[in-house]
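A.B. asks: Supplied structure: my_file_18.cif, mmCIF, C-alpha atoms.
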```cif
data_work
#
loop_
_atom_site.label_atom_id
_atom_site.label_comp_id
_atom_site.auth_asym_id
_atom_site.auth_seq_id
_atom_site.Cartn_x
_atom_site.Cartn_y
_atom_site.Cartn_z
CA MET A 17 11.18 -17.84 -10.98
CA VAL A 18 10.69 -14.28 -9.80
CA PHE A 19 8.28 -12.14 -11.79
CA LEU A 20 7.94 -8.43 -11.26
CA GLU A 21 4.71 -6.51 -11.61
CA VAL A 22 5.51 -3.52 -13.82
CA GLU A 23 2.56 -1.13 -13.92
CA THR A 24 1.10 2.32 -14.17
CA LYS A 25 -2.20 3.72 -12.92
CA VAL A 26 -4.31 6.48 -14.47
CA ARG A 27 -7.26 8.35 -12.99
CA ILE A 28 -10.19 8.17 -15.43
CA ASP A 29 -12.65 10.98 -16.07
CA ASP A 30 -14.54 9.58 -19.08
CA VAL A 31 -14.84 5.80 -18.60
CA ASP A 32 -16.94 5.15 -21.72
CA LYS A 33 -14.54 7.00 -24.01
CA LEU A 34 -11.53 5.14 -22.58
CA ARG A 35 -13.32 1.77 -22.75
CA LYS A 36 -13.90 2.29 -26.50
CA LYS A 37 -10.20 3.01 -27.01
CA ILE A 38 -9.19 -0.06 -24.98
CA LYS A 39 -11.51 -2.34 -27.00
CA LYS A 40 -9.68 -1.30 -30.19
CA ILE A 41 -6.35 -2.63 -28.89
CA ALA A 42 -7.37 -5.30 -26.35
CA ASN A 43 -9.82 -8.14 -25.83
CA PHE A 44 -12.23 -8.21 -22.90
CA GLU A 45 -11.47 -11.09 -20.50
CA LYS A 46 -13.66 -10.74 -17.41
CA LYS A 47 -15.44 -8.49 -14.97
CA GLU A 48 -15.34 -9.23 -11.26
CA SER A 49 -15.84 -7.65 -7.86
CA ARG A 50 -12.97 -7.85 -5.43
CA SER A 51 -13.17 -7.33 -1.70
CA ASP A 52 -9.78 -7.04 -0.05
CA ASP A 53 -9.09 -6.97 3.68
CA TYR A 54 -5.75 -5.37 4.57
CA PHE A 55 -3.76 -6.07 7.72
CA ALA A 56 -0.86 -4.10 9.16
CA LEU A 57 1.14 -4.04 12.37
CA ASN A 58 -0.70 -2.60 15.33
CA LYS A 59 -0.22 1.17 15.73
CA LYS A 60 1.94 0.66 18.80
CA PHE A 61 4.47 -1.18 16.60
CA ARG A 62 4.49 1.50 13.87
CA LYS A 63 6.57 4.67 13.81
CA HIS A 64 4.07 6.44 11.54
CA GLY A 65 0.31 6.35 11.14
CA TYR A 66 0.34 4.90 7.62
CA PRO A 67 2.04 1.49 7.69
CA LYS A 68 5.13 0.87 5.57
CA LYS A 69 4.14 -2.78 5.10
CA ALA A 70 0.79 -4.49 4.90
CA PHE A 71 -0.77 -7.52 3.27
CA ARG A 72 -4.21 -8.36 1.99
CA ILE A 73 -6.60 -11.27 2.17
CA ARG A 74 -8.95 -11.70 -0.80
CA ASN A 75 -11.86 -14.13 -0.73
CA ASN A 76 -12.35 -15.38 -4.28
CA GLY A 77 -15.37 -17.51 -3.35
CA LYS A 78 -13.41 -20.78 -3.14
CA GLU A 79 -10.42 -19.96 -1.00
CA TYR A 80 -8.60 -17.08 0.59
CA VAL A 81 -5.63 -15.60 -1.26
CA ILE A 82 -2.95 -13.89 0.82
CA ASN A 83 -0.97 -11.26 -1.10
CA PHE A 84 1.87 -8.95 -0.24
CA LYS A 85 4.16 -6.86 -2.41
CA LYS A 86 7.72 -5.72 -2.09
CA TRP A 87 8.44 -2.39 -3.72
CA LYS A 88 11.36 -2.39 -6.14
CA LYS A 89 11.97 1.37 -6.12
CA ASP A 90 15.31 1.10 -7.88
CA PHE A 91 13.34 0.22 -11.06
CA TRP A 92 10.73 2.99 -10.72
CA THR A 93 10.29 5.91 -13.07
CA LYS A 94 7.96 8.86 -12.61
CA GLU A 95 5.26 7.03 -14.59
CA ILE A 96 5.91 3.35 -13.81
CA VAL A 97 6.18 1.42 -10.55
CA VAL A 98 7.63 -2.06 -10.07
CA LYS A 99 6.73 -4.54 -7.34
CA GLU A 100 7.62 -8.12 -6.53
CA GLU A 101 4.39 -9.90 -5.70
CA PHE A 102 3.97 -12.90 -3.39
CA GLU A 103 0.76 -14.92 -3.06
CA PHE A 104 -0.40 -18.09 -1.37
CA LYS A 105 -3.80 -19.65 -0.69
CA ILE A 106 -5.47 -20.92 2.44
CA ASP A 107 -8.76 -22.82 2.79
CA GLU A 108 -9.96 -21.09 5.93
CA THR A 109 -8.95 -18.03 7.90
CA GLU A 110 -9.50 -18.81 11.58
CA ASN A 111 -6.02 -20.18 12.40
CA PHE A 112 -4.26 -17.76 10.06
CA LEU A 113 -6.02 -14.77 11.66
CA PHE A 114 -5.08 -16.07 15.11
CA LEU A 115 -1.42 -16.32 14.02
CA ILE A 116 -1.20 -12.84 12.53
CA LYS A 117 -2.98 -11.22 15.47
CA ASP A 118 -0.55 -12.97 17.81
CA LEU A 119 2.31 -11.50 15.75
CA GLY A 120 0.89 -7.98 16.21
CA PHE A 121 -1.11 -7.51 13.01
CA VAL A 122 -4.53 -5.89 13.11
CA GLU A 123 -7.35 -5.31 10.67
CA TRP A 124 -6.43 -2.08 8.96
CA MET A 125 -8.44 -1.29 5.87
CA LYS A 126 -11.01 -2.64 3.42
CA LYS A 127 -10.82 -2.00 -0.33
CA ILE A 128 -13.75 -2.82 -2.58
CA LYS A 129 -13.41 -2.60 -6.33
CA THR A 130 -15.00 -3.83 -9.53
CA SER A 131 -12.53 -4.66 -12.28
CA GLU A 132 -12.87 -5.12 -16.03
CA SER A 133 -9.82 -6.95 -17.41
CA TYR A 134 -8.55 -6.82 -20.99
CA THR A 135 -5.53 -8.45 -22.64
CA HIS A 136 -3.66 -6.61 -25.36
CA LYS A 137 -4.24 -8.04 -28.85
CA LYS A 138 -0.54 -7.90 -29.76
CA ASP A 139 0.92 -9.08 -26.43
CA LYS A 140 -1.12 -11.19 -23.99
CA ARG A 141 1.26 -10.31 -21.15
CA ILE A 142 -0.11 -6.76 -21.17
CA VAL A 143 -3.20 -6.57 -18.97
CA ILE A 144 -5.34 -3.45 -18.94
CA GLU A 145 -7.89 -3.02 -16.17
CA ILE A 146 -10.64 -0.50 -15.62
CA ASN A 147 -11.22 -0.36 -11.86
CA LYS A 148 -14.06 1.29 -10.01
CA VAL A 149 -12.82 1.64 -6.45
CA LYS A 150 -15.40 2.37 -3.76
CA HIS A 151 -14.90 5.91 -2.37
CA LEU A 152 -12.25 6.77 -5.02
CA GLY A 153 -13.80 6.46 -8.47
CA TYR A 154 -12.41 5.07 -11.73
CA PHE A 155 -8.84 4.17 -12.60
CA MET A 156 -7.09 2.31 -15.38
CA GLU A 157 -4.11 0.09 -14.66
CA ILE A 158 -1.69 -1.22 -17.29
CA GLU A 159 0.36 -4.16 -16.04
CA TYR A 160 3.11 -6.31 -17.49
CA LEU A 161 4.54 -9.30 -15.61
CA ALA A 162 8.25 -9.43 -16.35
CA LYS A 163 11.39 -11.27 -15.41
CA PRO A 164 14.03 -8.90 -13.99
CA SER A 165 15.95 -9.19 -17.29
CA GLU A 166 12.83 -7.93 -19.18
CA MET A 167 12.44 -4.68 -17.25
CA LYS A 168 13.40 -2.38 -20.14
CA LYS A 169 11.04 -4.23 -22.51
CA ALA A 170 8.18 -4.13 -19.97
CA LYS A 171 8.49 -0.38 -19.46
CA LYS A 172 8.58 0.23 -23.22
CA LYS A 173 5.41 -1.86 -23.66
CA ILE A 174 3.59 0.19 -21.01
CA TYR A 175 4.69 3.49 -22.55
CA ASP A 176 3.52 2.18 -25.94
CA VAL A 177 0.05 1.38 -24.55
CA LEU A 178 -0.17 4.83 -22.93
CA ARG A 179 0.51 6.34 -26.36
CA GLU A 180 -2.01 4.02 -28.06
CA LEU A 181 -4.69 5.13 -25.59
CA GLU A 182 -3.64 8.80 -25.87
CA ILE A 183 -2.97 9.13 -22.14
CA ASN A 184 -1.11 12.23 -21.00
CA LYS A 185 1.58 11.69 -18.38
CA ASP A 186 -0.13 14.20 -16.07
CA GLN A 187 -3.10 11.78 -15.78
CA ILE A 188 -0.87 9.13 -14.17
CA ASN A 189 -1.31 8.65 -10.44
CA ASN A 190 0.63 5.72 -8.99
CA THR A 191 -0.42 6.39 -5.42
CA GLY A 192 -1.69 3.11 -3.96
CA TYR A 193 -5.42 2.72 -3.43
CA THR A 194 -4.94 2.10 0.29
CA LYS A 195 -2.94 5.33 0.60
CA MET A 196 -5.70 7.24 -1.21
CA LEU A 197 -8.34 5.73 1.08
CA TRP A 198 -6.18 6.46 4.13
CA ASP A 199 -5.74 10.09 3.07
CA LYS A 200 -9.55 10.38 2.78
CA GLY A 201 -9.99 8.86 6.25
CA ILE A 202 -11.85 5.80 4.92
CA LYS A 203 -11.24 2.38 6.40
CA ASP A 204 -14.57 0.47 6.07
CA SER A 205 -13.32 -1.88 8.77
CA LYS A 206 -16.81 -2.93 9.83
CA TYR A 207 -16.87 -5.37 6.88
CA PHE A 208 -13.78 -7.36 7.81
CA ILE A 209 -13.55 -11.14 7.55
CA ASP A 210 -14.82 -12.78 10.72
#
```
Let's see the structure in the file written out as structure tokens.
C.D. replies:
Amino acid sequence: MVFLEVETKVRIDDVDKLRKKIKKIANFEKKESRSDDYFALNKKFRKHGYPKKAFRIRNNGKEYVINFKKWKKDFWTKEIVVKEEFEFKIDETENFLFLIKDLGFVEWMKKIKTSESYTHKKDKRIVIEINKVKHLGYFMEIEYLAKPSEMKKAKKKIYDVLRELEINKDQINNTGYTKMLWDKGIKDSKYFID
């Protein structure tokens, strides 16, 4: 079954104040550090500097998780983005890295973030994260995994949480973290998986 990631992202100025608001409506689940290595087609295969498609490899300590997302722009609003997410796991990277390099993919960018995850008290499918992204600062993400037939419901749930947390629409910034890092000229590629 296909699930769509329906989400919004907000830049945070006062993390402590927002955390207190989140704890009133959601339960803390976990805090973890995530180190993501992104790969994209070699520059000679791209028409533009910033790649239109990329994927990430995340080492969760036990295995490597490959993730890529397909944008579903026909479902987007100004405040909410929708993506179809694909993931699979591999035990080691050597052969996989050889394959993708042979296909023209190169190490592109590193994203390092610490995430606090909360689940909404009234609907466990609503996940709220406070993310501290290296070089970018703090952001909150509100995510709802939905079937395509639940799109209207998912968007309503996100708008409801924005109201509960008293978030103004002008605080929303759905620019991807990799795009923000790219625009700042930060790649951190020296830390890539070997």
A.B. asks: Could you give me, as a list in words, the residues within 10 Å of Arg72 in chain A, counting only C-alpha atoms and dropping anything in the same chain fewer than 4 positions from it?
C.D. replies: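 Non-adjacent residues within range: Ser51, Asp52, Asp53, Tyr54, Phe55, Ala56, Tyr80, Val81, Ile82, Asn83, Phe84, Lys85, Glu103, Glu123, Trp124, Met125, Lys126 and Lys127 of chain A.
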A.B. asks: Out of A:Glu145, A:Asp176, A:Glu79, A:Glu166, which residue has the shortest atom-to-atom distance to Arg27 in chain A when counting all atoms listed in the file?
C.D. replies: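 Ranked by minimum distance to Arg27 in chain A, first place goes to A:Glu145.
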A.B. asks: Do you know which residues are at most 12 Å from Ile38 in chain A counting all atoms listed in the file, after dropping those on the same chain fewer than 5 positions away, and could you put them as a list in words?
C.D. replies: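 Counting all atoms listed in the file, the residues come to Val31, Asp32, Lys33, Asn43, Phe44, Glu132, Ser133, Tyr134, Thr135, His136, Lys137, Ile142, Val143, Ile144, Glu145, Ile146, Met156, Glu157, Ile158, Val177, Leu178, Arg179, Glu180, Leu181, Glu182 and Ile183 of chain A.
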A.B. asks: So what do you get for CA of Glu100 in chain A versus CA of Pro164 in chain A, distance-wise?
C.D. replies: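 Separating CA of Glu100 in chain A from CA of Pro164 in chain A is a distance of 9.9 Å.
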A.B. asks: Just to confirm, what's the straight-line distance from CA of Ile128 in chain A to CA of Asp30 in chain A in Å (one decimal)?
C.D. replies: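 Spanning CA of Ile128 in chain A to CA of Asp30 in chain A is a straight-line distance of 20.7 Å.
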A.B. asks: So the first atom is CA of Trp87 in chain A and the second is CA of Ile41 in chain A; what is the distance between them in Å, to one decimal place?
C.D. replies: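 Interatomic distance here is 29.2 Å.
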A.B. asks: Using all atoms listed in the file, what residues lie at most 6 Å away from (-10.2, -1.4, -7.7) (file coordinates), given as a PDB file with C-alpha atoms, in the coordinates of the input?
C.D. replies:
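Ended up saving to point_0.pdb:
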```pdb
ATOM      1  CA  LYS A 129     -13.410  -2.600  -6.330  1.00  0.00           C
ATOM      2  CA  THR A 130     -15.000  -3.830  -9.530  1.00  0.00           C
ATOM      3  CA  ASN A 147     -11.220  -0.360 -11.860  1.00  0.00           C
ATOM      4  CA  LYS A 148     -14.060   1.290 -10.010  1.00  0.00           C
ATOM      5  CA  VAL A 149     -12.820   1.640  -6.450  1.00  0.00           C
TER       6      VAL A 149
END
```
A.B. asks: Which residues fall under the PyMOL selection byres ((chain A and resi 189) around 7) in this file, as a VMD selection string?
C.D. replies: chain A and resid 25 to 27 187 to 188 190 to 191
A.B. asks: Take the residues that were just selected and, keeping C-alpha atoms, output them as a PDB file, in the coordinates of the input.
C.D. replies:
```
ATOM      1  CA  LYS A  25      -2.200   3.720 -12.920  1.00  0.00           C
ATOM      2  CA  VAL A  26      -4.310   6.480 -14.470  1.00  0.00           C
ATOM      3  CA  ARG A  27      -7.260   8.350 -12.990  1.00  0.00           C
ATOM      4  CA  GLN A 187      -3.100  11.780 -15.780  1.00  0.00           C
ATOM      5  CA  ILE A 188      -0.870   9.130 -14.170  1.00  0.00           C
ATOM      6  CA  ASN A 190       0.630   5.720  -8.990  1.00  0.00           C
ATOM      7  CA  THR A 191      -0.420   6.390  -5.420  1.00  0.00           C
TER       8      THR A 191
END
```
A.B. asks: Where's the centre, and what are the edge lengths in Å to one decimal, of a box along x, y and z enclosing all listed atoms of range 169-173 of chain A padded 3 Å per side, as AutoDock Vina command-line options?
C.D. replies:
```
--center_x 8.2 --center_y -2.0 --center_z -21.6 --size_x 11.6 --size_y 10.5 --size_z 10.2
```
A.B. asks: Name all residues at most 7 Å from Glu21 in chain A (count all atoms listed in the file; drop same-chain ones fewer than 3 positions away) and give them as JSON, numbers by chain.
C.D. replies: {"A": [98, 99, 100, 101, 159, 160, 161, 162]}
A.B. asks: I need the residue nearest Lys200 in chain A from this list: A:Asn184, A:Phe114, A:Met167, A:His151. Use all atoms listed in the file for the distance.
C.D. replies: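 Ranking A:Asn184, A:Phe114, A:Met167, A:His151 by distance to Lys200 in chain A, first place goes to A:His151.
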